[in-house]
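Listing of run-v1.pdb, PDB, C-alpha atoms, pLDDT in the B column
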```pdb
ATOM      1  CA  MET A   1      14.040   0.793 -14.440  1.00 43.00           C
ATOM      2  CA  TYR A   2      14.023   1.578 -10.700  1.00 45.00           C
ATOM      3  CA  GLU A   3      11.235   0.781  -8.286  1.00 50.00           C
ATOM      4  CA  LYS A   4       9.475   3.960  -7.216  1.00 51.00           C
ATOM      5  CA  ILE A   5       8.423   4.184  -3.570  1.00 49.00           C
ATOM      6  CA  ASP A   6       5.063   5.821  -2.977  1.00 52.00           C
ATOM      7  CA  PHE A   7       5.859   7.922   0.111  1.00 47.00           C
ATOM      8  CA  ASP A   8       2.209   8.949   0.433  1.00 52.00           C
ATOM      9  CA  GLU A   9       1.388   5.294   1.086  1.00 49.00           C
ATOM     10  CA  VAL A  10       4.160   5.027   3.676  1.00 47.00           C
ATOM     11  CA  VAL A  11       3.164   8.263   5.457  1.00 49.00           C
ATOM     12  CA  ASN A  12      -0.556   7.439   5.501  1.00 56.00           C
ATOM     13  CA  THR A  13      -0.160   3.866   6.754  1.00 61.00           C
ATOM     14  CA  VAL A  14      -0.675   3.128  10.422  1.00 84.00           C
ATOM     15  CA  TYR A  15       2.193   0.901  11.525  1.00 89.00           C
ATOM     16  CA  ILE A  16       3.114  -0.649  14.861  1.00 92.00           C
ATOM     17  CA  ASP A  17       6.854  -1.301  15.014  1.00 94.00           C
ATOM     18  CA  PRO A  18       7.023  -5.029  15.829  1.00 95.00           C
ATOM     19  CA  GLN A  19      10.118  -4.486  17.975  1.00 94.00           C
ATOM     20  CA  THR A  20       7.889  -2.596  20.422  1.00 94.00           C
ATOM     21  CA  VAL A  21       5.382  -5.453  20.815  1.00 95.00           C
ATOM     22  CA  ILE A  22       6.319  -6.856  24.211  1.00 94.00           C
ATOM     23  CA  SER A  23       2.962  -7.750  25.760  1.00 91.00           C
ATOM     24  CA  PRO A  24       2.176  -9.493  27.967  1.00 89.00           C
ATOM     25  CA  LYS A  25       5.196  -8.078  29.785  1.00 90.00           C
ATOM     26  CA  ASN A  26       5.368 -10.982  32.212  1.00 92.00           C
ATOM     27  CA  LYS A  27       5.747 -13.481  29.318  1.00 94.00           C
ATOM     28  CA  VAL A  28       7.424 -11.801  26.312  1.00 95.00           C
ATOM     29  CA  ARG A  29      11.079 -10.800  26.169  1.00 95.00           C
ATOM     30  CA  ASP A  30      14.099 -10.930  23.850  1.00 96.00           C
ATOM     31  CA  VAL A  31      12.122 -10.095  20.686  1.00 97.00           C
ATOM     32  CA  GLU A  32      14.243 -10.613  17.548  1.00 96.00           C
ATOM     33  CA  ILE A  33      12.513  -9.583  14.329  1.00 96.00           C
ATOM     34  CA  LEU A  34      13.167 -12.170  11.625  1.00 96.00           C
ATOM     35  CA  PHE A  35      11.102 -10.442   8.935  1.00 93.00           C
ATOM     36  CA  ASP A  36       9.222  -7.144   8.844  1.00 93.00           C
ATOM     37  CA  ARG A  37       7.358  -5.974   5.766  1.00 90.00           C
ATOM     38  CA  GLY A  38       7.762  -2.405   7.002  1.00 87.00           C
ATOM     39  CA  PRO A  39       5.383   0.567   7.155  1.00 87.00           C
ATOM     40  CA  VAL A  40       3.174  -0.363   4.188  1.00 84.00           C
ATOM     41  CA  ASP A  41      -0.435  -1.485   3.926  1.00 82.00           C
ATOM     42  CA  PHE A  42      -0.999  -5.084   5.012  1.00 86.00           C
ATOM     43  CA  SER A  43       2.350  -5.161   6.815  1.00 91.00           C
ATOM     44  CA  TRP A  44       3.202  -8.206   8.897  1.00 94.00           C
ATOM     45  CA  SER A  45       6.168  -9.516  10.865  1.00 95.00           C
ATOM     46  CA  ILE A  46       7.717 -12.705  12.142  1.00 96.00           C
ATOM     47  CA  ALA A  47       9.801 -12.770  15.328  1.00 97.00           C
ATOM     48  CA  ARG A  48      11.793 -15.170  17.450  1.00 97.00           C
ATOM     49  CA  LEU A  49      11.068 -14.381  21.076  1.00 97.00           C
ATOM     50  CA  THR A  50      11.096 -15.810  24.531  1.00 97.00           C
ATOM     51  CA  TYR A  51       7.542 -16.560  25.613  1.00 96.00           C
ATOM     52  CA  GLY A  52       7.451 -17.653  29.216  1.00 95.00           C
ATOM     53  CA  PRO A  53      10.383 -20.029  29.629  1.00 96.00           C
ATOM     54  CA  GLU A  54      10.617 -21.050  25.940  1.00 96.00           C
ATOM     55  CA  GLU A  55      12.007 -19.645  22.722  1.00 97.00           C
ATOM     56  CA  ARG A  56       9.130 -19.465  20.231  1.00 97.00           C
ATOM     57  CA  ILE A  57       8.171 -17.993  16.863  1.00 97.00           C
ATOM     58  CA  GLY A  58       5.452 -15.335  16.698  1.00 97.00           C
ATOM     59  CA  ILE A  59       3.661 -13.587  13.861  1.00 97.00           C
ATOM     60  CA  ARG A  60       1.416 -10.519  13.674  1.00 96.00           C
ATOM     61  CA  TRP A  61      -0.179  -7.951  11.383  1.00 95.00           C
ATOM     62  CA  ASN A  62       1.431  -4.563  12.097  1.00 93.00           C
ATOM     63  CA  GLY A  63      -1.607  -2.360  11.609  1.00 87.00           C
ATOM     64  CA  ASP A  64      -3.344  -0.503   8.830  1.00 82.00           C
ATOM     65  CA  ASN A  65      -5.962   2.195   8.461  1.00 79.00           C
ATOM     66  CA  GLU A  66      -8.710  -0.167   9.676  1.00 80.00           C
ATOM     67  CA  SER A  67      -6.871  -1.975  12.457  1.00 82.00           C
ATOM     68  CA  LYS A  68      -4.721   0.771  13.995  1.00 85.00           C
ATOM     69  CA  LYS A  69      -2.861  -1.473  16.433  1.00 90.00           C
ATOM     70  CA  GLY A  70      -2.619  -4.514  14.209  1.00 91.00           C
ATOM     71  CA  VAL A  71      -3.681  -8.040  15.046  1.00 92.00           C
ATOM     72  CA  PRO A  72      -3.717  -9.832  17.421  1.00 94.00           C
ATOM     73  CA  LEU A  73      -4.563  -7.661  20.415  1.00 92.00           C
ATOM     74  CA  ALA A  74      -5.036  -8.582  24.056  1.00 92.00           C
ATOM     75  CA  ASN A  75      -6.714  -6.032  26.327  1.00 91.00           C
ATOM     76  CA  ALA A  76      -6.172  -3.440  23.548  1.00 90.00           C
ATOM     77  CA  HIS A  77      -2.399  -4.090  23.489  1.00 92.00           C
ATOM     78  CA  PRO A  78      -0.538  -5.448  20.434  1.00 94.00           C
ATOM     79  CA  VAL A  79       0.653  -9.022  21.032  1.00 96.00           C
ATOM     80  CA  TRP A  80       2.244 -11.861  19.074  1.00 97.00           C
ATOM     81  CA  PHE A  81       0.381 -14.919  17.831  1.00 96.00           C
ATOM     82  CA  ILE A  82       2.624 -17.714  19.040  1.00 97.00           C
ATOM     83  CA  LEU A  83       2.891 -20.385  16.366  1.00 97.00           C
ATOM     84  CA  PRO A  84       2.480 -24.055  17.171  1.00 97.00           C
ATOM     85  CA  LYS A  85       5.895 -25.676  17.544  1.00 96.00           C
ATOM     86  CA  GLU A  86       5.152 -27.915  14.552  1.00 97.00           C
ATOM     87  CA  LEU A  87       5.028 -24.844  12.249  1.00 96.00           C
ATOM     88  CA  ALA A  88       7.783 -22.735  13.791  1.00 96.00           C
ATOM     89  CA  GLU A  89      10.766 -24.124  11.882  1.00 96.00           C
ATOM     90  CA  ALA A  90       9.064 -23.854   8.467  1.00 96.00           C
ATOM     91  CA  VAL A  91       7.994 -20.254   9.135  1.00 96.00           C
ATOM     92  CA  GLU A  92      11.467 -19.321  10.389  1.00 95.00           C
ATOM     93  CA  ILE A  93      13.060 -20.757   7.231  1.00 95.00           C
ATOM     94  CA  LYS A  94      10.611 -18.856   5.031  1.00 94.00           C
ATOM     95  CA  ALA A  95      11.333 -15.603   6.911  1.00 94.00           C
ATOM     96  CA  GLN A  96      15.049 -16.069   6.179  1.00 91.00           C
ATOM     97  CA  GLU A  97      14.287 -16.719   2.495  1.00 91.00           C
ATOM     98  CA  LEU A  98      12.228 -13.526   2.327  1.00 90.00           C
ATOM     99  CA  ASN A  99      15.075 -11.513   3.859  1.00 84.00           C
ATOM    100  CA  ASN A 100      17.595 -13.070   1.460  1.00 84.00           C
ATOM    101  CA  ASN A 101      15.347 -12.186  -1.501  1.00 81.00           C
ATOM    102  CA  ARG A 102      14.985  -8.616  -0.206  1.00 76.00           C
ATOM    103  CA  GLU A 103      18.772  -8.247   0.048  1.00 74.00           C
ATOM    104  CA  ALA A 104      19.277  -9.719  -3.437  1.00 71.00           C
ATOM    105  CA  ASP A 105      16.679  -7.320  -4.867  1.00 72.00           C
ATOM    106  CA  LEU A 106      18.397  -4.377  -3.182  1.00 72.00           C
ATOM    107  CA  LEU A 107      21.809  -5.383  -4.568  1.00 74.00           C
ATOM    108  CA  GLU A 108      20.321  -5.826  -8.038  1.00 77.00           C
ATOM    109  CA  GLY A 109      18.824  -2.331  -7.792  1.00 76.00           C
ATOM    110  CA  TYR A 110      22.221  -0.907  -6.882  1.00 74.00           C
ATOM    111  CA  ARG A 111      23.814  -2.768  -9.814  1.00 78.00           C
ATOM    112  CA  MET A 112      21.196  -1.337 -12.177  1.00 79.00           C
ATOM    113  CA  MET A 113      21.752   2.184 -10.878  1.00 76.00           C
ATOM    114  CA  ALA A 114      25.533   1.858 -11.195  1.00 75.00           C
ATOM    115  CA  ALA A 115      25.169   0.606 -14.779  1.00 78.00           C
ATOM    116  CA  ASP A 116      23.040   3.636 -15.723  1.00 81.00           C
ATOM    117  CA  GLN A 117      25.821   5.845 -17.111  1.00 83.00           C
ATOM    118  CA  GLU A 118      23.553   8.839 -17.751  1.00 85.00           C
ATOM    119  CA  GLN A 119      22.342   8.805 -14.145  1.00 82.00           C
ATOM    120  CA  GLU A 120      25.912   8.375 -12.885  1.00 81.00           C
ATOM    121  CA  VAL A 121      27.067  11.462 -14.831  1.00 84.00           C
ATOM    122  CA  GLU A 122      24.162  13.505 -13.417  1.00 85.00           C
ATOM    123  CA  ALA A 123      24.905  12.305  -9.886  1.00 81.00           C
ATOM    124  CA  GLU A 124      28.594  13.154 -10.209  1.00 83.00           C
ATOM    125  CA  GLU A 125      27.827  16.637 -11.540  1.00 85.00           C
ATOM    126  CA  TRP A 126      25.371  17.204  -8.701  1.00 86.00           C
ATOM    127  CA  SER A 127      27.817  16.037  -6.014  1.00 84.00           C
ATOM    128  CA  GLU A 128      30.665  18.091  -7.507  1.00 83.00           C
ATOM    129  CA  GLY A 129      28.364  21.116  -7.364  1.00 81.00           C
ATOM    130  CA  LEU A 130      27.864  20.494  -3.651  1.00 80.00           C
ATOM    131  CA  ILE A 131      31.604  20.609  -3.043  1.00 78.00           C
ATOM    132  CA  GLY A 132      31.669  24.189  -4.329  1.00 69.00           C
ATOM    133  CA  ASP A 133      28.865  25.097  -1.912  1.00 63.00           C
ATOM    134  CA  ALA A 134      30.998  24.001   1.044  1.00 60.00           C
ATOM    135  CA  TYR A 135      33.585  26.762   0.571  1.00 58.00           C
TER     136      TYR A 135
END
```
Mind converting the file's structure to structure tokens?
Amino acid sequence: MYEKIDFDEVVNTVYIDPQTVISPKNKVRDVEILFDRGPVDFSWSIARLTYGPEERIGIRWNGDNESKKGVPLANAHPVWFILPKELAEAVEIKAQELNNNREADLLEGYRMMAADQEQEVEAEEWSEGLIGDAY
């Protein structure tokens, strides 16, 4: 009914937060993450960023147990692969679609949980029990 998150997978995955990828410092600034798969195996991200004087779209793998810093790297520092301008708009649109799908899935999960009357009764009993603990 609900999607179970395997926290062992999340804890054991090496993950570079894409927001922190700002190399080379003399070229990259204003990183805006458009999509981030998060701290899971085979995680990747898409960002809009300023590269030199231009706004561009970049993509990267965020790291895993084999590639600790992700890909690409330059001088052992995580960097963005800057997409050719001809691909940038299509990738940006797809990133937005992926985020919209993620939000829709989350809302559907909340709807399913709210419709589960048995779970709602348990949750209410549990929270009411906490109120007594506060006094």
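Minimum atom-to-atom distance to Pro18 in chain A, evaluated using all atoms listed in the file, belongs to A:Asn62 out of A:Ser43, A:Ser127, A:Asn62, A:Thr50.
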Separation of CA of Lys69 in chain A from CA of Glu89 in chain A, in Å and rounded to one decimal: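 Calculated distance between CA of Lys69 in chain A and CA of Glu89 in chain A is 26.8 Å.
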Could you check how far CA of Lys85 in chain A sits from CA of Asn100 in chain A, in Å to one decimal? 23.5 Å
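Take CA of Asn65 in chain A and CA of Asp36 in chain A: the distance between them is 17.8 Å.
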Which residue of A:Leu130, A:Ile93, A:Val31, A:Val14 approaches Arg56 in chain A most closely, using all atoms listed in the file: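 Under the stated criterion, the closest residue is A:Val31.
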What residues come out when you apply the PyMOL selection byres ((chain A and resi 23) around 9) to this file, written as a list in words? Thr20, Val21, Ile22, Pro24, Lys25, Asn26, Lys27, Val28, Arg29, Ala74, His77, Pro78, Val79 and Trp80 of chain A
Minimum-distance residue to Glu66 in chain A, chosen among A:Asn101, A:Gly129, A:Phe81, A:Asp41 (using only C-alpha atoms):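 Comparing A:Asn101, A:Gly129, A:Phe81, A:Asp41 against Glu66 in chain A, the winner is A:Asp41.
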Using the block above, I'd like range 4-127 of chain A written out, keeping C-alpha atoms and formatting it as a compact mmCIF listing (two decimals), in the first residue's frame.
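Dumped to selection20.txt:
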```
# COMPACT_ATOMS: atom_id res chain seq x y z
CA LYS A 4 8.78 1.42 1.99
CA ILE A 5 12.08 3.30 2.08
CA ASP A 6 15.13 1.13 2.63
CA PHE A 7 17.12 3.33 5.04
CA ASP A 8 20.07 0.94 4.91
CA GLU A 9 20.41 1.80 1.22
CA VAL A 10 20.23 5.52 1.96
CA VAL A 11 22.76 5.34 4.83
CA ASN A 12 25.23 3.16 2.90
CA THR A 13 25.16 5.22 -0.30
CA VAL A 14 27.93 7.71 -0.96
CA TYR A 15 26.28 10.92 -2.13
CA ILE A 16 27.67 14.30 -3.13
CA ASP A 17 25.05 17.01 -2.59
CA PRO A 18 24.81 18.64 -6.03
CA GLN A 19 24.25 22.05 -4.44
CA THR A 20 27.85 21.89 -3.20
CA VAL A 21 29.33 21.26 -6.67
CA ILE A 22 30.78 24.66 -7.52
CA SER A 23 34.02 23.82 -9.32
CA PRO A 24 35.77 25.34 -11.10
CA LYS A 25 35.20 28.24 -8.72
CA ASN A 26 36.22 30.83 -11.29
CA LYS A 27 33.49 29.63 -13.71
CA VAL A 28 30.55 28.14 -11.76
CA ARG A 29 28.09 30.15 -9.69
CA ASP A 30 24.36 30.48 -9.01
CA VAL A 31 23.69 26.72 -9.00
CA GLU A 32 19.94 25.97 -9.01
CA ILE A 33 19.10 22.28 -8.74
CA LEU A 34 16.29 21.42 -11.15
CA PHE A 35 16.18 17.71 -10.29
CA ASP A 36 18.04 15.59 -7.74
CA ARG A 37 17.41 11.88 -7.38
CA GLY A 38 18.66 12.12 -3.80
CA PRO A 39 20.97 9.94 -1.70
CA VAL A 40 20.27 6.61 -3.43
CA ASP A 41 22.39 4.36 -5.62
CA PHE A 42 22.87 5.69 -9.16
CA SER A 43 21.78 9.17 -8.10
CA TRP A 44 22.06 11.99 -10.61
CA SER A 45 21.12 15.66 -10.83
CA ILE A 46 20.34 18.39 -13.31
CA ALA A 47 21.09 22.04 -12.55
CA ARG A 48 20.73 25.46 -14.10
CA LEU A 49 23.90 27.40 -13.37
CA THR A 50 26.01 30.25 -14.53
CA TYR A 51 29.09 28.91 -16.28
CA GLY A 52 31.46 31.72 -17.15
CA PRO A 53 29.26 34.52 -18.48
CA GLU A 54 26.35 32.28 -19.58
CA GLU A 55 23.41 30.52 -17.99
CA ARG A 56 23.71 26.82 -18.85
CA ILE A 57 22.32 23.40 -17.93
CA GLY A 58 24.59 20.85 -16.26
CA ILE A 59 24.19 17.21 -15.30
CA ARG A 60 26.19 14.84 -13.10
CA TRP A 61 26.19 11.52 -11.28
CA ASN A 62 26.19 12.22 -7.52
CA GLY A 63 28.38 9.34 -6.39
CA ASP A 64 28.00 5.75 -5.32
CA ASN A 65 30.07 3.10 -3.59
CA GLU A 66 32.38 2.79 -6.61
CA SER A 67 32.70 6.43 -7.61
CA LYS A 68 32.78 8.24 -4.25
CA LYS A 69 32.76 11.76 -5.68
CA GLY A 70 30.48 11.09 -8.61
CA VAL A 71 31.15 11.89 -12.24
CA PRO A 72 32.49 14.03 -13.82
CA LEU A 73 35.56 15.08 -11.86
CA ALA A 74 38.24 17.62 -12.68
CA ASN A 75 41.46 17.52 -10.65
CA ALA A 76 39.64 15.22 -8.18
CA HIS A 77 36.85 17.79 -7.63
CA PRO A 78 33.19 17.15 -8.51
CA VAL A 79 32.11 19.25 -11.50
CA TRP A 80 29.11 19.60 -13.82
CA PHE A 81 28.98 18.27 -17.36
CA ILE A 82 27.74 21.30 -19.26
CA LEU A 83 25.20 20.23 -21.86
CA PRO A 84 25.36 21.46 -25.43
CA LYS A 85 22.94 24.36 -25.89
CA GLU A 86 20.97 22.29 -28.41
CA LEU A 87 20.02 19.78 -25.66
CA ALA A 88 19.57 22.15 -22.72
CA GLU A 89 15.91 23.06 -23.22
CA ALA A 90 14.78 19.44 -23.68
CA VAL A 91 16.65 18.31 -20.56
CA GLU A 92 15.28 21.23 -18.53
CA ILE A 93 11.72 20.36 -19.57
CA LYS A 94 12.25 16.71 -18.65
CA ALA A 95 13.65 17.71 -15.23
CA GLN A 96 10.47 19.71 -14.56
CA GLU A 97 8.33 16.74 -15.62
CA LEU A 98 10.24 14.48 -13.23
CA ASN A 99 9.69 16.91 -10.36
CA ASN A 100 5.99 17.22 -11.19
CA ASN A 101 5.66 13.41 -11.21
CA ARG A 102 7.47 13.21 -7.86
CA GLU A 103 5.09 15.75 -6.32
CA ALA A 104 2.04 13.95 -7.76
CA ASP A 105 3.30 10.63 -6.36
CA LEU A 106 3.82 12.21 -2.94
CA LEU A 107 0.30 13.69 -2.92
CA GLU A 108 -1.15 10.34 -3.99
CA GLY A 109 0.71 8.67 -1.12
CA TYR A 110 -0.76 11.16 1.33
CA ARG A 111 -4.25 10.56 -0.11
CA MET A 112 -3.80 6.81 0.31
CA MET A 113 -2.63 7.21 3.90
CA ALA A 114 -5.54 9.52 4.74
CA ALA A 115 -8.01 7.03 3.24
CA ASP A 116 -6.62 4.20 5.41
CA GLN A 117 -9.11 4.45 8.29
CA GLU A 118 -7.42 1.76 10.40
CA GLN A 119 -4.08 3.58 10.19
CA GLU A 120 -5.76 6.90 10.95
CA VAL A 121 -7.34 5.48 14.13
CA GLU A 122 -3.96 4.09 15.25
CA ALA A 123 -2.25 7.41 14.54
CA GLU A 124 -4.88 9.36 16.47
CA GLU A 125 -4.63 7.03 19.46
CA TRP A 126 -0.84 7.33 19.40
CA SER A 127 -0.89 11.14 19.19
```
